[in-house]
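Data block for upload11.cif (mmCIF, C-alpha atoms and all ligand atoms):
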data_data
loop_
_atom_site.label_atom_id
_atom_site.label_comp_id
_atom_site.auth_asym_id
_atom_site.auth_seq_id
_atom_site.Cartn_x
_atom_site.Cartn_y
_atom_site.Cartn_z
CA MET A 1 -22.70 17.46 23.36
CA LYS A 2 -20.36 19.85 21.53
CA ILE A 3 -17.64 19.36 18.94
CA THR A 4 -14.30 20.51 20.34
CA GLU A 5 -11.81 19.61 17.61
CA VAL A 6 -11.55 18.32 14.04
CA LYS A 7 -8.24 16.69 13.15
CA THR A 8 -7.10 15.16 9.86
CA TYR A 9 -4.37 12.76 8.94
CA VAL A 10 -2.96 12.43 5.44
CA LEU A 11 -1.46 8.99 5.01
CA GLN A 12 0.73 7.77 2.18
CA ALA A 13 2.36 4.47 1.33
CA MET A 14 4.51 3.84 -1.73
CA LEU A 15 4.13 0.69 -3.84
CA PRO A 16 7.79 0.02 -4.75
CA ASP A 17 7.20 -3.12 -6.83
CA LYS A 18 3.43 -3.21 -6.91
CA ALA A 19 2.57 -0.18 -9.05
CA PHE A 20 -0.60 -0.87 -11.01
CA GLY A 21 -2.40 0.66 -13.96
CA TRP A 22 -5.88 1.05 -15.42
CA SER A 23 -7.33 2.81 -18.42
CA GLN A 24 -6.29 6.26 -17.23
CA ARG A 25 -2.87 5.97 -15.58
CA VAL A 26 -0.42 4.00 -13.44
CA THR A 27 -0.03 4.66 -9.73
CA ASP A 28 2.97 3.92 -7.51
CA ARG A 29 1.36 5.02 -4.23
CA ARG A 30 -1.77 4.96 -2.09
CA GLN A 31 -2.97 7.91 -0.07
CA THR A 32 -5.93 8.73 2.12
CA ALA A 33 -7.32 11.46 4.37
CA ILE A 34 -8.78 10.33 7.70
CA CYS A 35 -10.58 12.75 9.99
CA VAL A 36 -11.20 12.52 13.72
CA VAL A 37 -13.95 14.65 15.26
CA SER A 38 -13.68 15.05 19.05
CA THR A 39 -16.36 16.15 21.52
CA ASP A 40 -16.57 17.57 25.03
CA GLU A 41 -18.03 14.24 26.25
CA GLY A 42 -14.92 12.32 25.26
CA LEU A 43 -16.52 10.61 22.25
CA GLN A 44 -14.61 10.63 18.98
CA GLY A 45 -15.84 9.94 15.47
CA LEU A 46 -13.85 8.66 12.50
CA GLY A 47 -14.33 9.44 8.82
CA GLU A 48 -12.49 8.98 5.55
CA ALA A 49 -12.51 11.08 2.39
CA PHE A 50 -12.42 9.17 -0.89
CA TYR A 51 -9.10 9.78 -2.59
CA PHE A 52 -8.43 9.14 -6.21
CA GLY A 53 -7.02 12.00 -8.22
CA GLY A 54 -5.78 13.59 -5.00
CA PRO A 55 -3.50 14.52 -3.45
CA ALA A 56 -5.34 13.61 -0.26
CA LYS A 57 -3.98 16.70 1.47
CA ILE A 58 -6.47 18.84 -0.48
CA ALA A 59 -9.39 17.00 1.13
CA ALA A 60 -7.58 17.15 4.49
CA GLU A 61 -7.11 20.92 4.21
CA ILE A 62 -10.77 21.46 3.36
CA ILE A 63 -11.71 19.39 6.42
CA SER A 64 -9.29 21.16 8.77
CA ASP A 65 -9.20 24.71 7.42
CA VAL A 66 -12.67 25.23 5.94
CA PHE A 67 -15.12 22.91 7.73
CA GLY A 68 -13.27 22.38 11.03
CA PRO A 69 -13.65 25.93 12.40
CA LEU A 70 -17.35 25.91 11.40
CA LEU A 71 -17.92 22.73 13.41
CA VAL A 72 -16.38 23.63 16.75
CA GLY A 73 -19.15 24.27 19.28
CA ARG A 74 -21.85 22.51 17.19
CA ASP A 75 -23.82 19.49 18.41
CA PRO A 76 -22.49 16.47 16.44
CA LEU A 77 -25.94 14.85 16.56
CA ASP A 78 -27.32 17.60 14.29
CA HIS A 79 -25.81 15.93 11.20
CA ASN A 80 -28.59 16.97 8.83
CA VAL A 81 -28.45 20.62 9.87
CA ILE A 82 -24.64 20.56 9.74
CA TRP A 83 -24.60 18.90 6.31
CA ASP A 84 -26.80 21.54 4.73
CA TYR A 85 -24.84 24.33 6.42
CA LEU A 86 -21.43 23.06 5.28
CA TYR A 87 -22.66 22.26 1.76
CA ASN A 88 -24.08 25.72 1.40
CA TRP A 89 -20.86 27.26 2.76
CA THR A 90 -18.86 25.94 -0.23
CA ARG A 91 -21.73 25.54 -2.68
CA ASP A 92 -20.62 28.20 -5.18
CA GLN A 93 -17.41 26.34 -6.04
CA GLY A 94 -17.71 23.02 -4.26
CA MET A 95 -20.82 21.29 -5.56
CA LYS A 96 -18.88 18.17 -6.63
CA GLY A 97 -15.50 16.55 -6.20
CA ILE A 98 -13.00 16.87 -3.38
CA THR A 99 -15.08 19.36 -1.37
CA ILE A 100 -17.90 16.81 -1.11
CA SER A 101 -15.41 14.03 -0.26
CA ALA A 102 -14.21 16.21 2.61
CA LEU A 103 -17.81 16.80 3.72
CA SER A 104 -18.41 13.03 3.47
CA ALA A 105 -15.55 12.30 5.90
CA ILE A 106 -17.02 14.73 8.44
CA ASP A 107 -20.52 13.36 8.06
CA ILE A 108 -19.30 9.79 8.56
CA ALA A 109 -17.50 10.88 11.74
CA LEU A 110 -20.70 12.52 13.07
CA TRP A 111 -22.63 9.26 12.53
CA ASP A 112 -19.84 7.35 14.28
CA ILE A 113 -20.27 9.69 17.26
CA LYS A 114 -24.05 9.30 17.16
CA GLY A 115 -23.75 5.52 17.22
CA LYS A 116 -21.29 5.61 20.11
CA ALA A 117 -23.48 8.09 22.03
CA LEU A 118 -26.50 5.78 21.71
CA GLY A 119 -24.54 2.53 21.99
CA LEU A 120 -25.81 1.34 18.60
CA PRO A 121 -24.21 0.40 15.28
CA VAL A 122 -24.86 2.97 12.55
CA TYR A 123 -27.03 0.50 10.62
CA LYS A 124 -29.53 0.54 13.49
CA LEU A 125 -29.69 4.34 13.27
CA LEU A 126 -30.32 3.98 9.53
CA GLY A 127 -33.37 1.83 10.18
CA GLY A 128 -31.99 -1.65 10.70
CA ALA A 129 -30.19 -4.39 8.80
CA TYR A 130 -31.57 -6.04 5.67
CA ARG A 131 -28.50 -8.28 5.98
CA ASN A 132 -25.79 -8.85 8.58
CA LYS A 133 -23.10 -10.00 6.17
CA ALA A 134 -22.05 -8.65 2.80
CA ARG A 135 -21.62 -10.81 -0.28
CA ALA A 136 -18.31 -9.47 -1.59
CA TYR A 137 -16.79 -9.22 -5.01
CA ALA A 138 -13.07 -8.65 -5.53
CA THR A 139 -12.03 -5.38 -7.10
CA GLY A 140 -8.63 -6.00 -8.56
CA LEU A 141 -7.37 -7.27 -11.92
CA TYR A 142 -5.66 -3.96 -12.59
CA GLU A 143 -2.76 -3.90 -15.04
CA PRO A 144 0.34 -5.21 -13.25
CA GLN A 145 3.62 -3.51 -14.19
CA ASN A 146 6.89 -5.13 -15.23
CA VAL A 147 5.51 -8.62 -15.78
CA PRO A 148 6.34 -10.76 -18.81
CA SER A 149 2.62 -11.28 -19.65
CA VAL A 150 -0.19 -9.10 -18.31
CA GLU A 151 -2.75 -11.66 -19.44
CA LYS A 152 -1.06 -14.50 -17.56
CA ALA A 153 -0.69 -12.36 -14.44
CA LEU A 154 -4.38 -11.42 -14.58
CA VAL A 155 -5.45 -15.04 -14.94
CA GLU A 156 -3.31 -16.00 -11.97
CA GLU A 157 -4.80 -13.20 -9.88
CA ALA A 158 -8.34 -14.18 -10.89
CA LEU A 159 -7.70 -17.79 -9.89
CA GLY A 160 -6.46 -16.50 -6.53
CA TYR A 161 -9.80 -14.74 -5.93
CA LYS A 162 -11.64 -17.90 -6.88
CA GLU A 163 -9.50 -19.80 -4.41
CA ASP A 164 -10.26 -17.19 -1.72
CA GLY A 165 -13.97 -17.93 -2.15
CA PHE A 166 -15.11 -14.80 -3.94
CA GLY A 167 -18.40 -15.19 -5.79
CA GLY A 168 -17.56 -12.31 -8.11
CA MET A 169 -14.68 -10.19 -9.39
CA LYS A 170 -14.18 -7.08 -11.45
CA LEU A 171 -11.70 -6.66 -14.29
CA LYS A 172 -10.33 -3.33 -15.50
CA VAL A 173 -10.90 -2.70 -19.21
CA GLY A 174 -10.51 0.38 -21.38
CA TYR A 175 -7.11 -0.51 -22.88
CA GLY A 176 -8.55 -0.74 -26.41
CA ILE A 177 -11.30 -3.12 -27.48
CA LYS A 178 -9.01 -5.85 -28.81
CA THR A 179 -6.97 -6.01 -25.61
CA ASP A 180 -10.11 -5.83 -23.43
CA VAL A 181 -11.72 -8.77 -25.24
CA ARG A 182 -8.54 -10.81 -24.87
CA TYR A 183 -8.41 -10.21 -21.10
CA VAL A 184 -12.13 -10.91 -20.59
CA MET A 185 -11.93 -14.14 -22.59
CA ALA A 186 -8.82 -15.37 -20.73
CA ILE A 187 -10.34 -14.68 -17.32
CA ARG A 188 -13.77 -16.12 -18.08
CA GLU A 189 -12.12 -19.29 -19.39
CA ALA A 190 -9.95 -19.55 -16.28
CA ILE A 191 -12.60 -18.97 -13.60
CA GLY A 192 -15.45 -20.89 -15.24
CA GLU A 193 -19.10 -19.95 -15.59
CA ASP A 194 -20.20 -19.94 -11.95
CA ILE A 195 -18.41 -16.78 -10.79
CA TYR A 196 -19.81 -13.35 -11.53
CA LEU A 197 -17.53 -11.19 -13.68
CA MET A 198 -17.85 -7.42 -14.01
CA VAL A 199 -15.83 -5.05 -16.19
CA ASP A 200 -14.87 -1.44 -15.47
CA ALA A 201 -13.60 0.95 -18.18
CA ASN A 202 -13.07 3.93 -15.84
CA HIS A 203 -14.72 6.08 -18.53
CA ALA A 204 -12.20 5.28 -21.24
CA TYR A 205 -14.60 5.21 -24.19
CA ASN A 206 -17.11 7.15 -26.22
CA ALA A 207 -20.56 5.65 -26.69
CA ALA A 208 -19.82 3.97 -30.04
CA GLU A 209 -16.69 2.28 -28.70
CA ALA A 210 -18.42 1.20 -25.50
CA ILE A 211 -21.31 -0.32 -27.46
CA ARG A 212 -18.83 -2.23 -29.63
CA LEU A 213 -17.05 -3.56 -26.56
CA ALA A 214 -20.36 -4.50 -24.87
CA ARG A 215 -21.42 -6.50 -27.94
CA GLU A 216 -18.07 -8.29 -28.16
CA ILE A 217 -18.04 -9.38 -24.52
CA GLU A 218 -21.72 -10.11 -23.87
CA ARG A 219 -21.07 -13.77 -24.76
CA PHE A 220 -18.83 -14.02 -21.67
CA ASN A 221 -21.74 -13.43 -19.30
CA ILE A 222 -20.73 -10.06 -17.86
CA TYR A 223 -22.72 -9.04 -14.77
CA TRP A 224 -22.24 -5.30 -15.30
CA PHE A 225 -20.24 -2.86 -17.41
CA GLU A 226 -19.01 -0.02 -15.19
CA GLU A 227 -18.21 3.54 -16.27
CA PRO A 228 -18.19 2.92 -20.02
CA VAL A 229 -18.11 6.65 -20.85
CA PRO A 230 -17.08 9.86 -19.00
CA PRO A 231 -19.34 10.85 -16.10
CA GLU A 232 -20.44 14.10 -17.80
CA ASP A 233 -21.69 12.21 -20.88
CA LEU A 234 -25.19 11.22 -19.71
CA ASP A 235 -26.46 11.04 -23.32
CA GLY A 236 -23.59 8.63 -24.03
CA TYR A 237 -24.58 6.54 -20.99
CA MET A 238 -28.14 6.32 -22.27
CA GLU A 239 -27.00 5.33 -25.75
CA VAL A 240 -24.76 2.59 -24.34
CA LYS A 241 -27.52 1.40 -22.02
CA LYS A 242 -30.02 1.20 -24.87
CA ASN A 243 -27.62 -0.78 -27.05
CA SER A 244 -26.07 -3.16 -24.54
CA SER A 245 -27.49 -6.39 -23.19
CA ILE A 246 -25.04 -6.02 -20.26
CA PRO A 247 -26.39 -3.86 -17.40
CA ILE A 248 -24.62 -0.50 -17.20
CA ALA A 249 -23.21 0.78 -13.88
CA GLY A 250 -21.87 4.18 -12.90
CA GLY A 251 -21.82 6.92 -10.30
CA GLU A 252 -18.51 6.81 -8.42
CA CYS A 253 -17.69 10.22 -9.97
CA GLU A 254 -21.08 11.70 -9.03
CA TYR A 255 -21.92 13.59 -5.87
CA THR A 256 -24.85 14.43 -3.61
CA ARG A 257 -28.59 14.06 -4.20
CA TYR A 258 -28.36 16.86 -6.76
CA GLY A 259 -25.90 14.99 -8.95
CA PHE A 260 -27.66 11.64 -8.58
CA ARG A 261 -31.01 13.27 -9.40
CA GLU A 262 -29.77 13.60 -13.01
CA LEU A 263 -28.53 10.02 -13.27
CA ILE A 264 -31.79 8.76 -11.77
CA ASN A 265 -34.30 10.99 -13.57
CA ARG A 266 -32.73 10.29 -16.94
CA ARG A 267 -32.35 6.60 -16.14
CA ALA A 268 -28.78 6.82 -17.41
CA VAL A 269 -27.60 3.65 -15.62
CA ASP A 270 -29.01 0.30 -14.53
CA ILE A 271 -26.92 0.28 -11.35
CA LEU A 272 -26.07 3.39 -9.32
CA GLN A 273 -22.68 3.37 -7.59
CA PRO A 274 -22.40 6.26 -5.13
CA ASP A 275 -19.38 6.13 -2.83
CA LEU A 276 -20.20 6.86 0.83
CA CYS A 277 -16.82 8.60 1.28
CA ALA A 278 -17.34 10.80 -1.79
CA ALA A 279 -21.04 11.38 -2.46
CA GLY A 280 -21.78 13.07 0.90
CA GLY A 281 -21.59 10.55 3.74
CA PHE A 282 -24.52 8.73 5.38
CA THR A 283 -26.73 11.82 5.52
CA GLU A 284 -26.67 12.16 1.74
CA MET A 285 -26.55 8.43 0.90
CA ILE A 286 -29.90 7.95 2.66
CA LYS A 287 -31.41 10.51 0.31
CA ILE A 288 -29.76 9.06 -2.79
CA ALA A 289 -30.95 5.57 -1.80
CA ALA A 290 -34.48 6.86 -1.25
CA MET A 291 -34.46 8.36 -4.75
CA ALA A 292 -33.11 5.08 -6.17
CA THR A 293 -35.88 3.06 -4.54
CA ALA A 294 -38.52 5.48 -5.83
CA ALA A 295 -37.14 5.10 -9.36
CA ASN A 296 -36.66 1.33 -8.91
CA ILE A 297 -32.98 1.51 -9.96
CA SER A 298 -30.43 -0.77 -8.25
CA LEU A 299 -27.82 0.75 -5.98
CA VAL A 300 -24.50 -0.97 -5.34
CA PRO A 301 -22.12 1.31 -3.42
CA HIS A 302 -18.63 2.02 -4.70
CA VAL A 303 -16.00 1.27 -2.02
CA TRP A 304 -12.27 1.98 -2.36
CA GLY A 305 -10.57 3.14 0.80
CA THR A 306 -9.02 1.97 4.03
CA ASN A 307 -10.78 0.03 6.79
CA VAL A 308 -12.40 3.28 8.02
CA GLY A 309 -14.26 3.80 4.73
CA LEU A 310 -14.83 0.04 4.48
CA ALA A 311 -16.37 -0.13 7.96
CA ALA A 312 -18.62 2.84 7.19
CA SER A 313 -19.66 1.33 3.85
CA LEU A 314 -20.51 -1.98 5.53
CA GLN A 315 -22.84 -0.13 7.92
CA PHE A 316 -24.60 1.53 5.01
CA PHE A 317 -24.69 -1.74 3.09
CA ALA A 318 -26.46 -3.48 5.98
CA ALA A 319 -29.27 -0.92 5.78
CA LEU A 320 -29.44 -0.79 1.96
CA PRO A 321 -32.99 -1.76 0.90
CA HIS A 322 -33.81 -4.38 -1.70
CA ILE A 323 -34.61 -2.58 -4.95
CA PRO A 324 -37.28 -3.75 -5.48
CA GLU A 325 -38.48 -5.66 -2.40
CA ARG A 326 -39.67 -9.14 -3.33
CA ARG A 327 -40.02 -12.62 -1.98
CA PHE A 328 -36.64 -13.88 -3.26
CA PRO A 329 -34.40 -10.80 -3.48
CA ASP A 330 -31.07 -10.92 -5.30
CA GLU A 331 -28.44 -9.96 -2.71
CA PRO A 332 -26.42 -6.90 -3.75
CA PHE A 333 -22.65 -7.28 -4.17
CA PHE A 334 -20.27 -5.41 -1.86
CA GLU A 335 -17.13 -3.98 -3.45
CA TYR A 336 -14.06 -5.31 -1.66
CA ASP A 337 -10.94 -3.69 -3.06
CA ARG A 338 -8.08 -6.16 -3.25
CA SER A 339 -5.59 -3.96 -5.15
CA SER A 340 -2.31 -3.21 -3.45
CA HIS A 341 -2.96 -0.91 -0.46
CA PRO A 342 -0.45 -1.06 2.42
CA LEU A 343 -2.62 1.31 4.51
CA ARG A 344 -5.97 -0.48 4.20
CA ASP A 345 -5.90 -2.93 7.08
CA GLY A 346 -3.38 -1.19 9.32
CA VAL A 347 -5.32 1.99 10.09
CA THR A 348 -7.79 0.24 12.40
CA LEU A 349 -7.27 -2.14 15.31
CA GLU A 350 -10.12 -4.31 14.01
CA LYS A 351 -9.54 -6.35 10.83
CA PHE A 352 -11.94 -7.59 8.17
CA ALA A 353 -11.67 -10.99 6.57
CA LEU A 354 -13.60 -12.77 3.86
CA LYS A 355 -15.40 -15.92 4.99
CA ASP A 356 -17.17 -18.12 2.45
CA GLY A 357 -17.42 -15.15 0.08
CA TYR A 358 -18.88 -12.79 2.70
CA LEU A 359 -17.65 -9.99 4.98
CA SER A 360 -19.38 -9.83 8.33
CA ILE A 361 -20.87 -6.47 9.30
CA PRO A 362 -19.81 -5.29 12.79
CA ASP A 363 -22.59 -4.69 15.32
CA ARG A 364 -20.42 -2.64 17.66
CA PRO A 365 -21.45 1.00 18.35
CA GLY A 366 -20.87 3.53 15.55
CA LEU A 367 -18.71 2.28 12.69
CA GLY A 368 -17.33 -0.40 15.00
CA VAL A 369 -13.65 0.40 14.40
CA LYS A 370 -10.88 2.20 16.33
CA LEU A 371 -7.92 3.99 14.82
CA ASP A 372 -4.49 2.40 15.32
CA THR A 373 -2.71 5.60 16.31
CA VAL A 374 0.78 4.08 16.15
CA PHE A 375 0.19 2.91 12.57
CA VAL A 376 -1.35 6.25 11.60
CA ALA A 377 1.60 8.19 13.02
CA LYS A 378 4.00 5.99 11.07
CA TYR A 379 2.40 6.72 7.68
CA ALA A 380 1.23 10.31 8.29
CA LEU A 381 2.72 12.85 5.90
CA CA B 401 -14.86 1.82 -10.79
#
As structure tokens:
Amino acid sequence: MKITEVKTYVLQAMLPDKAFGWSQRVTDRRQTAICVVSTDEGLQGLGEAFYFGGPAKIAAEIISDVFGPLLVGRDPLDHNVIWDYLYNWTRDQGMKGITISALSAIDIALWDIKGKALGLPVYKLLGGAYRNKARAYATGLYEPQNVPSVEKALVEEALGYKEDGFGGMKLKVGYGIKTDVRYVMAIREAIGEDIYLMVDANHAYNAAEAIRLAREIERFNIYWFEEPVPPEDLDGYMEVKKNSSIPIAGGECEYTRYGFRELINRRAVDILQPDLCAAGGFTEMIKIAAMATAANISLVPHVWGTNVGLAASLQFFAALPHIPERRFPDEPFFEYDRSSHPLRDGVTLEKFALKDGYLSIPDRPGLGVKLDTVFVAKYAL
């Protein structure tokens, strides 16, 4: 089998009255870059590049202009060989960030092709399912704009997730310690003690501030404290970890086995959060997960894209080992982004829905989703 074409779509949707904020900025739009890899046997693979600081067209241009021409004529089943080749091609200036997100999208598409070629879901190719449904937590509770009371709006949103059956939810913090404590207290009071609550500062603090916040909110039974300090500040991470009774999570801004080697070797976090659509795709996530199991550090993937990235992440999640293996393992939580995203569900013909707090993991070949080409054409830039 040979790759014949690599296509990318940059999609954008505006959020006219649903702009939302977090500790770093406010956004009024969602974007994503989706790639489609075609072959001479008629099989196509889908991938998505994680978009955050964007614009998504940078990832799309790397996919189409840099990696695309290098892929034509290659066997898509050689994903390991291709990964190392493409990584090395851009290594001098592309060791982290958008280049690796672009590489992730391609790698995901190659695994989709492999699954379709063999008639198996990707999780089977990864070694089989530890679970066939994913216990989901709601990522949301961003800062709503133009509301009379942010706190009231957050409480209302949190109660909505409880109503939907979520067993956990994650609140954005990093607005200043006083404000953070107020939001955490209001939400914990509203949802009760039985639902897991995580907080995410999106690296708003230095170590001293993060430690202060951790000590102030530990009484509210916080399941993890995500990205307390900037991703480059590994010493800060270790200081926070040493001084917090709340487990520390991080890794969505880290890339490849080389980047995660530092987080793991220095034991900078309690919970690693690589994003499949950013850290290097399946090929690299397998290696990161292997390193995590060897170090006995939990891994809970970061997930924040459309249904293409979500489908891919569910496949990886099925095959994610227990860390450590034991008789009564604690099921990992799957990140299910509930923030405003008009593109999320529309890009694929198949839809995902929460049932009793879980998302089911498709057992169709590859990622198990097909692109809705009419929808994609409508939102393509
Ligand atoms: Ca996060």
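What separates CA of Gln24 (chain A) from CA of Tyr205 (chain A) is a distance of 10.9 Å.
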Note to self: Show me which residues line ligand CA 401 (chain B), defined as having an atom within 12 Å of a ligand atom where all atoms listed in the file count, and present them as a PyMOL selection string.
What the structure shows: chain A and resi 22-24+52+138-142+170-174+198-204+224-231+248-254+272-275+300-304+335-337
Notebook entry, point to check: Between CA of Lys241 (chain A) and CA of Val184 (chain A), what is the spacing in Å?
Noted result: 19.8 Å
Next item on the list: Identify, on the basis of all atoms listed in the file, every residue whose closest approach to Ala13 (chain A) does not exceed 8 Å; exclude the query and any residue fewer than 2 positions from it along the same chain; express the result as a PyMOL selection string.
Entry: chain A and resi 11+15+29-31+341-343+379
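For the pair CA of Asp164 (chain A) and CA of Phe333 (chain A), the separation is 16.1 Å.
If you measure from each of A:Gly281, A:Pro329, A:Gly357, A:Pro144 to Ile195 (chain A) using only C-alpha atoms, the closest one turns out to be A:Gly357.
Residue nearest Arg182 (chain A) within the list A:Arg257, A:Lys152, A:Lys162, A:Lys124: A:Lys152 [criterion: smallest interatomic distance, only C-alpha atoms].
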Taking 3 positions as the minimum chain separation for residues in the same chain, which residues sit within 8 Å of region 133-135 of chain A when counting all atoms listed in the file? Answer as an mmCIF file with C-alpha atoms, keeping the file's coordinate frame.
data_model
loop_
_atom_site.group_PDB
_atom_site.id
_atom_site.type_symbol
_atom_site.label_atom_id
_atom_site.label_comp_id
_atom_site.auth_asym_id
_atom_site.auth_seq_id
_atom_site.Cartn_x
_atom_site.Cartn_y
_atom_site.Cartn_z
ATOM 1 C CA GLY A 167 -18.400 -15.190 -5.790
ATOM 2 C CA LEU A 314 -20.510 -1.980 5.530
ATOM 3 C CA PHE A 317 -24.690 -1.740 3.090
ATOM 4 C CA ALA A 318 -26.460 -3.480 5.980
ATOM 5 C CA GLU A 331 -28.440 -9.960 -2.710
ATOM 6 C CA PRO A 332 -26.420 -6.900 -3.750
ATOM 7 C CA PHE A 333 -22.650 -7.280 -4.170
ATOM 8 C CA PHE A 334 -20.270 -5.410 -1.860
ATOM 9 C CA GLY A 357 -17.420 -15.150 0.080
ATOM 10 C CA TYR A 358 -18.880 -12.790 2.700
ATOM 11 C CA LEU A 359 -17.650 -9.990 4.980
ATOM 12 C CA SER A 360 -19.380 -9.830 8.330
ATOM 13 C CA ILE A 361 -20.870 -6.470 9.300
#
